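J.: One file is attached below, protein_27.cif, containing mmCIF, N, CA and C atoms.
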data_query
loop_
_atom_site.label_atom_id
_atom_site.label_comp_id
_atom_site.auth_asym_id
_atom_site.auth_seq_id
_atom_site.Cartn_x
_atom_site.Cartn_y
_atom_site.Cartn_z
N MET A 1 17.51 -5.70 8.27
CA MET A 1 17.31 -5.02 7.02
C MET A 1 16.22 -5.69 6.20
N LYS A 2 16.27 -7.03 6.10
CA LYS A 2 15.29 -7.78 5.32
C LYS A 2 13.89 -7.56 5.88
N GLY A 3 13.77 -7.56 7.20
CA GLY A 3 12.48 -7.33 7.84
C GLY A 3 11.93 -5.95 7.56
N ALA A 4 12.80 -4.96 7.54
CA ALA A 4 12.37 -3.58 7.27
C ALA A 4 11.87 -3.44 5.83
N ILE A 5 12.52 -4.11 4.90
CA ILE A 5 12.10 -4.05 3.50
C ILE A 5 10.74 -4.73 3.34
N LEU A 6 10.58 -5.89 3.97
CA LEU A 6 9.31 -6.61 3.90
C LEU A 6 8.18 -5.77 4.51
N LYS A 7 8.46 -5.13 5.62
CA LYS A 7 7.47 -4.28 6.27
C LYS A 7 7.07 -3.12 5.36
N THR A 8 8.04 -2.53 4.68
CA THR A 8 7.76 -1.43 3.75
C THR A 8 6.92 -1.92 2.58
N VAL A 9 7.24 -3.07 2.04
CA VAL A 9 6.46 -3.64 0.93
C VAL A 9 5.03 -3.90 1.39
N MET A 10 4.86 -4.45 2.58
CA MET A 10 3.52 -4.72 3.10
C MET A 10 2.72 -3.43 3.30
N ARG A 11 3.38 -2.38 3.74
CA ARG A 11 2.68 -1.10 3.90
C ARG A 11 2.25 -0.54 2.55
N ILE A 12 3.10 -0.68 1.56
CA ILE A 12 2.75 -0.21 0.21
C ILE A 12 1.56 -1.00 -0.32
N LEU A 13 1.58 -2.32 -0.14
CA LEU A 13 0.46 -3.15 -0.58
C LEU A 13 -0.83 -2.79 0.16
N LEU A 14 -0.71 -2.53 1.44
CA LEU A 14 -1.87 -2.13 2.24
C LEU A 14 -2.45 -0.83 1.70
N CYS A 15 -1.60 0.12 1.37
CA CYS A 15 -2.06 1.39 0.79
C CYS A 15 -2.73 1.15 -0.55
N LEU A 16 -2.18 0.26 -1.36
CA LEU A 16 -2.75 -0.05 -2.67
C LEU A 16 -4.15 -0.64 -2.52
N VAL A 17 -4.30 -1.60 -1.61
CA VAL A 17 -5.61 -2.21 -1.36
C VAL A 17 -6.60 -1.17 -0.87
N ALA A 18 -6.17 -0.31 0.04
CA ALA A 18 -7.06 0.73 0.57
C ALA A 18 -7.47 1.70 -0.54
N LEU A 19 -6.52 2.09 -1.37
CA LEU A 19 -6.82 3.01 -2.47
C LEU A 19 -7.83 2.39 -3.44
N LEU A 20 -7.62 1.14 -3.78
CA LEU A 20 -8.56 0.45 -4.68
C LEU A 20 -9.94 0.33 -4.06
N ALA A 21 -10.00 0.05 -2.75
CA ALA A 21 -11.29 -0.07 -2.07
C ALA A 21 -12.02 1.27 -2.01
N VAL A 22 -11.28 2.34 -1.73
CA VAL A 22 -11.90 3.67 -1.70
C VAL A 22 -12.43 4.02 -3.09
N THR A 23 -11.64 3.74 -4.11
CA THR A 23 -12.06 4.04 -5.48
C THR A 23 -13.32 3.26 -5.85
N ALA A 24 -13.31 1.96 -5.57
CA ALA A 24 -14.47 1.12 -5.88
C ALA A 24 -15.71 1.58 -5.11
N GLY A 25 -15.52 1.90 -3.83
CA GLY A 25 -16.63 2.37 -3.03
C GLY A 25 -17.15 3.71 -3.49
N ALA A 26 -16.24 4.62 -3.82
CA ALA A 26 -16.64 5.95 -4.26
C ALA A 26 -17.44 5.88 -5.57
N GLU A 27 -17.07 4.97 -6.45
CA GLU A 27 -17.82 4.82 -7.70
C GLU A 27 -19.28 4.47 -7.43
N LYS A 28 -19.50 3.70 -6.38
CA LYS A 28 -20.87 3.32 -6.03
C LYS A 28 -21.60 4.46 -5.33
N VAL A 29 -20.91 5.13 -4.43
CA VAL A 29 -21.54 6.21 -3.66
C VAL A 29 -21.92 7.38 -4.57
N ILE A 30 -21.06 7.72 -5.52
CA ILE A 30 -21.38 8.85 -6.41
C ILE A 30 -22.18 8.40 -7.63
N MET A 31 -22.54 7.14 -7.64
CA MET A 31 -23.43 6.59 -8.66
C MET A 31 -22.88 6.72 -10.08
N VAL A 32 -21.67 6.23 -10.29
CA VAL A 32 -21.09 6.19 -11.64
C VAL A 32 -22.03 5.32 -12.50
N PRO A 33 -22.51 5.85 -13.62
CA PRO A 33 -23.52 5.15 -14.42
C PRO A 33 -23.19 3.70 -14.77
N GLN A 34 -21.95 3.42 -15.18
CA GLN A 34 -21.59 2.05 -15.55
C GLN A 34 -21.69 1.12 -14.33
N GLU A 35 -21.28 1.62 -13.18
CA GLU A 35 -21.33 0.82 -11.96
C GLU A 35 -22.78 0.54 -11.56
N VAL A 36 -23.61 1.57 -11.62
CA VAL A 36 -25.03 1.44 -11.26
C VAL A 36 -25.72 0.46 -12.21
N GLU A 37 -25.50 0.63 -13.51
CA GLU A 37 -26.12 -0.25 -14.50
C GLU A 37 -25.70 -1.70 -14.28
N PHE A 38 -24.40 -1.90 -14.03
CA PHE A 38 -23.89 -3.25 -13.81
C PHE A 38 -24.56 -3.89 -12.59
N LEU A 39 -24.58 -3.19 -11.47
CA LEU A 39 -25.12 -3.76 -10.24
C LEU A 39 -26.64 -3.89 -10.28
N GLN A 40 -27.31 -2.96 -10.94
CA GLN A 40 -28.76 -3.08 -11.07
C GLN A 40 -29.13 -4.29 -11.94
N GLY A 41 -28.24 -4.66 -12.84
CA GLY A 41 -28.44 -5.88 -13.64
C GLY A 41 -28.49 -7.13 -12.78
N PHE A 42 -27.94 -7.06 -11.59
CA PHE A 42 -27.97 -8.18 -10.65
C PHE A 42 -29.04 -7.98 -9.57
N GLY A 43 -29.89 -6.97 -9.76
CA GLY A 43 -30.99 -6.75 -8.83
C GLY A 43 -30.66 -5.83 -7.66
N PHE A 44 -29.51 -5.17 -7.68
CA PHE A 44 -29.16 -4.24 -6.61
C PHE A 44 -30.02 -2.98 -6.73
N SER A 45 -30.59 -2.56 -5.61
CA SER A 45 -31.30 -1.28 -5.59
C SER A 45 -30.28 -0.15 -5.44
N VAL A 46 -30.71 1.07 -5.68
CA VAL A 46 -29.83 2.22 -5.52
C VAL A 46 -29.30 2.28 -4.09
N GLU A 47 -30.17 2.03 -3.12
CA GLU A 47 -29.77 2.06 -1.70
C GLU A 47 -28.72 1.00 -1.41
N LEU A 48 -28.90 -0.19 -1.98
CA LEU A 48 -27.94 -1.27 -1.75
C LEU A 48 -26.59 -0.94 -2.40
N ILE A 49 -26.63 -0.33 -3.56
CA ILE A 49 -25.39 0.05 -4.25
C ILE A 49 -24.63 1.07 -3.40
N VAL A 50 -25.32 2.08 -2.92
CA VAL A 50 -24.66 3.10 -2.08
C VAL A 50 -24.15 2.46 -0.79
N GLY A 51 -24.95 1.58 -0.18
CA GLY A 51 -24.52 0.89 1.04
C GLY A 51 -23.29 0.05 0.82
N PHE A 52 -23.25 -0.66 -0.30
CA PHE A 52 -22.09 -1.47 -0.65
C PHE A 52 -20.86 -0.59 -0.78
N GLY A 53 -21.02 0.56 -1.43
CA GLY A 53 -19.91 1.50 -1.59
C GLY A 53 -19.42 2.02 -0.24
N ILE A 54 -20.35 2.34 0.65
CA ILE A 54 -19.97 2.83 1.99
C ILE A 54 -19.20 1.77 2.75
N VAL A 55 -19.63 0.52 2.64
CA VAL A 55 -18.93 -0.57 3.32
C VAL A 55 -17.51 -0.71 2.76
N GLN A 56 -17.36 -0.60 1.44
CA GLN A 56 -16.02 -0.69 0.85
C GLN A 56 -15.12 0.44 1.35
N ILE A 57 -15.66 1.64 1.42
CA ILE A 57 -14.88 2.78 1.93
C ILE A 57 -14.55 2.57 3.40
N LEU A 58 -15.51 2.09 4.18
CA LEU A 58 -15.27 1.82 5.61
C LEU A 58 -14.14 0.80 5.78
N GLY A 59 -14.15 -0.25 4.97
CA GLY A 59 -13.08 -1.25 5.02
C GLY A 59 -11.72 -0.62 4.77
N ALA A 60 -11.67 0.27 3.79
CA ALA A 60 -10.41 0.96 3.47
C ALA A 60 -9.95 1.84 4.63
N LEU A 61 -10.89 2.56 5.25
CA LEU A 61 -10.53 3.42 6.38
C LEU A 61 -10.03 2.60 7.56
N LEU A 62 -10.64 1.45 7.79
CA LEU A 62 -10.21 0.58 8.90
C LEU A 62 -8.81 0.02 8.66
N LEU A 63 -8.42 -0.09 7.41
CA LEU A 63 -7.06 -0.56 7.10
C LEU A 63 -6.01 0.41 7.61
N ALA A 64 -6.36 1.67 7.71
CA ALA A 64 -5.40 2.71 8.10
C ALA A 64 -5.18 2.78 9.60
N ILE A 65 -6.03 2.13 10.38
CA ILE A 65 -5.92 2.18 11.84
C ILE A 65 -5.31 0.86 12.31
N PRO A 66 -4.13 0.90 12.91
CA PRO A 66 -3.46 -0.35 13.28
C PRO A 66 -4.33 -1.33 14.08
N ARG A 67 -5.12 -0.85 14.99
CA ARG A 67 -5.96 -1.76 15.79
C ARG A 67 -7.09 -2.39 15.00
N THR A 68 -7.43 -1.81 13.87
CA THR A 68 -8.55 -2.32 13.08
C THR A 68 -8.14 -2.84 11.71
N THR A 69 -6.85 -3.00 11.50
CA THR A 69 -6.36 -3.44 10.19
C THR A 69 -6.96 -4.80 9.79
N LEU A 70 -7.00 -5.74 10.72
CA LEU A 70 -7.53 -7.06 10.37
C LEU A 70 -9.02 -6.98 10.01
N LEU A 71 -9.79 -6.17 10.73
CA LEU A 71 -11.20 -6.00 10.40
C LEU A 71 -11.32 -5.34 9.03
N GLY A 72 -10.49 -4.36 8.75
CA GLY A 72 -10.47 -3.72 7.44
C GLY A 72 -10.13 -4.71 6.33
N LEU A 73 -9.19 -5.60 6.60
CA LEU A 73 -8.84 -6.63 5.62
C LEU A 73 -10.02 -7.56 5.36
N LEU A 74 -10.72 -7.94 6.42
CA LEU A 74 -11.88 -8.83 6.28
C LEU A 74 -12.98 -8.16 5.46
N ILE A 75 -13.31 -6.93 5.80
CA ILE A 75 -14.35 -6.21 5.06
C ILE A 75 -13.93 -6.02 3.61
N SER A 76 -12.69 -5.67 3.39
CA SER A 76 -12.20 -5.45 2.03
C SER A 76 -12.23 -6.72 1.20
N VAL A 77 -11.82 -7.83 1.79
CA VAL A 77 -11.82 -9.09 1.02
C VAL A 77 -13.25 -9.49 0.68
N LEU A 78 -14.19 -9.25 1.58
CA LEU A 78 -15.59 -9.57 1.26
C LEU A 78 -16.10 -8.70 0.12
N GLY A 79 -15.76 -7.42 0.15
CA GLY A 79 -16.17 -6.52 -0.93
C GLY A 79 -15.59 -6.94 -2.27
N TYR A 80 -14.30 -7.24 -2.27
CA TYR A 80 -13.66 -7.68 -3.51
C TYR A 80 -14.23 -9.02 -3.99
N ALA A 81 -14.53 -9.91 -3.05
CA ALA A 81 -15.07 -11.22 -3.42
C ALA A 81 -16.44 -11.08 -4.08
N VAL A 82 -17.30 -10.24 -3.50
CA VAL A 82 -18.62 -10.02 -4.09
C VAL A 82 -18.47 -9.43 -5.49
N SER A 83 -17.65 -8.40 -5.60
CA SER A 83 -17.45 -7.76 -6.91
C SER A 83 -16.89 -8.75 -7.93
N SER A 84 -15.89 -9.52 -7.55
CA SER A 84 -15.28 -10.49 -8.46
C SER A 84 -16.28 -11.55 -8.89
N ALA A 85 -17.09 -12.03 -7.96
CA ALA A 85 -18.09 -13.04 -8.30
C ALA A 85 -19.10 -12.50 -9.31
N LEU A 86 -19.55 -11.27 -9.10
CA LEU A 86 -20.50 -10.67 -10.04
C LEU A 86 -19.88 -10.48 -11.42
N ILE A 87 -18.63 -10.09 -11.44
CA ILE A 87 -17.94 -9.90 -12.73
C ILE A 87 -17.78 -11.24 -13.45
N PHE A 88 -17.46 -12.31 -12.70
CA PHE A 88 -17.38 -13.65 -13.29
C PHE A 88 -18.72 -14.06 -13.88
N VAL A 89 -19.79 -13.88 -13.09
CA VAL A 89 -21.13 -14.26 -13.55
C VAL A 89 -21.51 -13.47 -14.80
N ASP A 90 -21.06 -12.24 -14.88
CA ASP A 90 -21.35 -11.40 -16.04
C ASP A 90 -20.58 -11.87 -17.28
N GLY A 91 -19.56 -12.70 -17.09
CA GLY A 91 -18.81 -13.26 -18.21
C GLY A 91 -17.58 -12.48 -18.61
N ASN A 92 -17.22 -11.48 -17.85
CA ASN A 92 -16.02 -10.70 -18.15
C ASN A 92 -14.84 -11.33 -17.40
N TYR A 93 -14.38 -12.47 -17.89
CA TYR A 93 -13.39 -13.27 -17.18
C TYR A 93 -12.04 -12.59 -17.01
N GLY A 94 -11.60 -11.86 -18.01
CA GLY A 94 -10.31 -11.17 -17.89
C GLY A 94 -10.30 -10.17 -16.75
N PHE A 95 -11.33 -9.33 -16.70
CA PHE A 95 -11.42 -8.35 -15.62
C PHE A 95 -11.67 -9.03 -14.28
N ALA A 96 -12.43 -10.14 -14.31
CA ALA A 96 -12.70 -10.87 -13.06
C ALA A 96 -11.40 -11.41 -12.47
N PHE A 97 -10.53 -11.95 -13.30
CA PHE A 97 -9.26 -12.45 -12.79
C PHE A 97 -8.41 -11.31 -12.24
N MET A 98 -8.45 -10.15 -12.90
CA MET A 98 -7.71 -9.00 -12.38
C MET A 98 -8.32 -8.53 -11.05
N SER A 99 -9.62 -8.71 -10.89
CA SER A 99 -10.30 -8.30 -9.66
C SER A 99 -9.92 -9.19 -8.48
N ILE A 100 -9.44 -10.37 -8.77
CA ILE A 100 -9.02 -11.28 -7.70
C ILE A 100 -7.67 -10.87 -7.13
N PHE A 101 -6.88 -10.12 -7.88
CA PHE A 101 -5.56 -9.69 -7.43
C PHE A 101 -5.59 -9.02 -6.05
N PRO A 102 -6.52 -8.06 -5.80
CA PRO A 102 -6.55 -7.47 -4.45
C PRO A 102 -6.83 -8.50 -3.35
N ILE A 103 -7.60 -9.53 -3.67
CA ILE A 103 -7.87 -10.57 -2.68
C ILE A 103 -6.58 -11.29 -2.30
N ALA A 104 -5.75 -11.57 -3.30
CA ALA A 104 -4.45 -12.22 -3.03
C ALA A 104 -3.58 -11.32 -2.17
N ILE A 105 -3.60 -10.02 -2.45
CA ILE A 105 -2.83 -9.08 -1.63
C ILE A 105 -3.35 -9.07 -0.20
N ILE A 106 -4.67 -9.06 -0.05
CA ILE A 106 -5.27 -9.02 1.29
C ILE A 106 -4.90 -10.27 2.08
N VAL A 107 -4.98 -11.43 1.44
CA VAL A 107 -4.61 -12.67 2.13
C VAL A 107 -3.15 -12.61 2.55
N SER A 108 -2.28 -12.12 1.68
CA SER A 108 -0.85 -11.98 2.03
C SER A 108 -0.67 -11.03 3.21
N LEU A 109 -1.38 -9.91 3.18
CA LEU A 109 -1.30 -8.95 4.29
C LEU A 109 -1.80 -9.58 5.59
N TYR A 110 -2.89 -10.33 5.51
CA TYR A 110 -3.42 -10.98 6.71
C TYR A 110 -2.40 -11.96 7.28
N LEU A 111 -1.84 -12.78 6.42
CA LEU A 111 -0.86 -13.76 6.90
C LEU A 111 0.36 -13.07 7.50
N TYR A 112 0.81 -11.99 6.87
CA TYR A 112 1.94 -11.23 7.40
C TYR A 112 1.59 -10.62 8.76
N THR A 113 0.41 -10.01 8.84
CA THR A 113 -0.02 -9.38 10.09
C THR A 113 -0.17 -10.41 11.19
N ARG A 114 -0.76 -11.54 10.87
CA ARG A 114 -0.95 -12.61 11.86
C ARG A 114 0.40 -13.13 12.35
N ASN A 115 1.34 -13.34 11.44
CA ASN A 115 2.66 -13.82 11.83
C ASN A 115 3.40 -12.77 12.67
N ALA A 116 3.28 -11.51 12.30
CA ALA A 116 3.93 -10.44 13.07
C ALA A 116 3.34 -10.37 14.47
N LEU A 117 2.02 -10.52 14.56
CA LEU A 117 1.36 -10.49 15.87
C LEU A 117 1.80 -11.68 16.72
N ASN A 118 1.85 -12.85 16.11
CA ASN A 118 2.29 -14.04 16.84
C ASN A 118 3.73 -13.88 17.32
N ASN A 119 4.59 -13.32 16.48
CA ASN A 119 5.98 -13.11 16.88
C ASN A 119 6.08 -12.10 18.02
N ALA A 120 5.23 -11.07 17.97
CA ALA A 120 5.26 -10.06 19.03
C ALA A 120 4.75 -10.62 20.36
N LEU A 121 3.85 -11.59 20.29
CA LEU A 121 3.28 -12.15 21.51
C LEU A 121 4.08 -13.31 22.07
N THR A 122 5.03 -13.80 21.30
CA THR A 122 5.86 -14.92 21.76
C THR A 122 6.77 -14.43 22.88
N ILE A 123 6.66 -15.11 23.99
CA ILE A 123 7.48 -14.75 25.15
C ILE A 123 8.68 -15.69 25.17
N THR A 124 9.82 -15.09 25.15
CA THR A 124 11.03 -15.91 25.22
C THR A 124 11.65 -15.73 26.59
N GLY A 125 11.91 -16.82 27.21
CA GLY A 125 12.52 -16.77 28.54
C GLY A 125 14.01 -16.99 28.44
N PRO A 126 14.65 -16.98 29.57
CA PRO A 126 16.09 -17.23 29.56
C PRO A 126 16.39 -18.63 29.11
N THR A 127 17.48 -18.79 28.43
CA THR A 127 17.86 -20.12 27.94
C THR A 127 18.97 -20.70 28.74
#
Please render this file's structure as structure tokens.
T.:
Amino acid sequence: MKGAILKTVMRILLCLVALLAVTAGAEKVIMVPQEVEFLQGFGFSVELIVGFGIVQILGALLLAIPRTTLLGLLISVLGYAVSSALIFVDGNYGFAFMSIFPIAIIVSLYLYTRNALNNALTITGPT
């Protein structure tokens, strides 16, 4: 029972991370003015902004495929890390700290996935 609850919580967190990544990526792809202005302030070209958004969306999509979940987690954490770093540099510390929250979720998901994989691969013989 405890394992089933933990698995459900992890799936919900995975969905949350994917939803946030899709939203962040979509804001870049559709060129939301505040997002474009913010990133252009750091020297991002329009093409780079759209590319960054596509990568964030790709990371979210990879999260949904069991065989590519770890790759999706890696891409997502890199996207969130870049965004969080830029927000810190911009001086918006409150929002920057909130932006780190998805990174903590991703690390938790990775550790859970890695442990689940290790448990599944553990071969137990007769005792």
J.: Would you list the residues near (-6.0, -14.0, -1.9) (no more than 12 Å away, in the coordinates of the file, using only C-alpha atoms) as a PyMOL selection string?
T.: chain A and resi 17+73-74+76-78+80-81+84+97-111
J.: To one decimal place, how far is atom N of Leu39 (chain A) from CA of Thr68 (chain A) in Å?
T.: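 Distance between the two atoms: 29.3 Å.
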J.: Considering only N, CA and C atoms, return as a list in words whatever protein or nucleic-acid residues lie within 6.5 Å of Leu58 (chain A), sequence-local ones (same chain, fewer than 5 positions apart) excluded.
T.: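 Final neighbour list, sorted by chain and number: Gly53, Leu63 and Gly72 of chain A.
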J.: Kindly export the residues of the current selection with N, CA and C atoms, as a PDB file, in the coordinates of the input.
T.:
ATOM      1  N   GLY A  53     -21.020   0.560  -1.430  1.00  0.00           N
ATOM      2  CA  GLY A  53     -19.910   1.500  -1.590  1.00  0.00           C
ATOM      3  C   GLY A  53     -19.420   2.020  -0.240  1.00  0.00           C
ATOM      4  N   LEU A  63      -8.420  -0.090   7.410  1.00  0.00           N
ATOM      5  CA  LEU A  63      -7.060  -0.560   7.100  1.00  0.00           C
ATOM      6  C   LEU A  63      -6.010   0.410   7.610  1.00  0.00           C
ATOM      7  N   GLY A  72     -10.490  -4.360   8.750  1.00  0.00           N
ATOM      8  CA  GLY A  72     -10.470  -3.720   7.440  1.00  0.00           C
ATOM      9  C   GLY A  72     -10.130  -4.710   6.330  1.00  0.00           C
TER      10      GLY A  72
END
J.: Using CA of Arg67 (chain A) and CA of Arg11 (chain A) as the two end points, give the distance in Å to one decimal.
T.: 14.7 Å
J.: Selection in question (the file shown): the PyMOL selection byres ((chain A and resi 49) around 8). Which residues does it include, as JSON, numbers by chain?
T.: {"A": [25, 27, 28, 29, 30, 31, 35, 36, 39, 40, 43, 44, 45, 46, 47, 48, 50, 51, 52, 53, 54, 55]}
J.: Give me, please, the distance in Å between CA of Ala4 (chain A) and atom N of Ala60 (chain A), quoted to one decimal.
T.: 24.6 Å
J.: Please report, as an NGL selection string, each residue of chain A to which DSSP assigns alpha helix (DSSP H) when run on this structure's backbone.
T.: :A and (2-29 or 33-40 or 46-63 or 69-90 or 93-121)
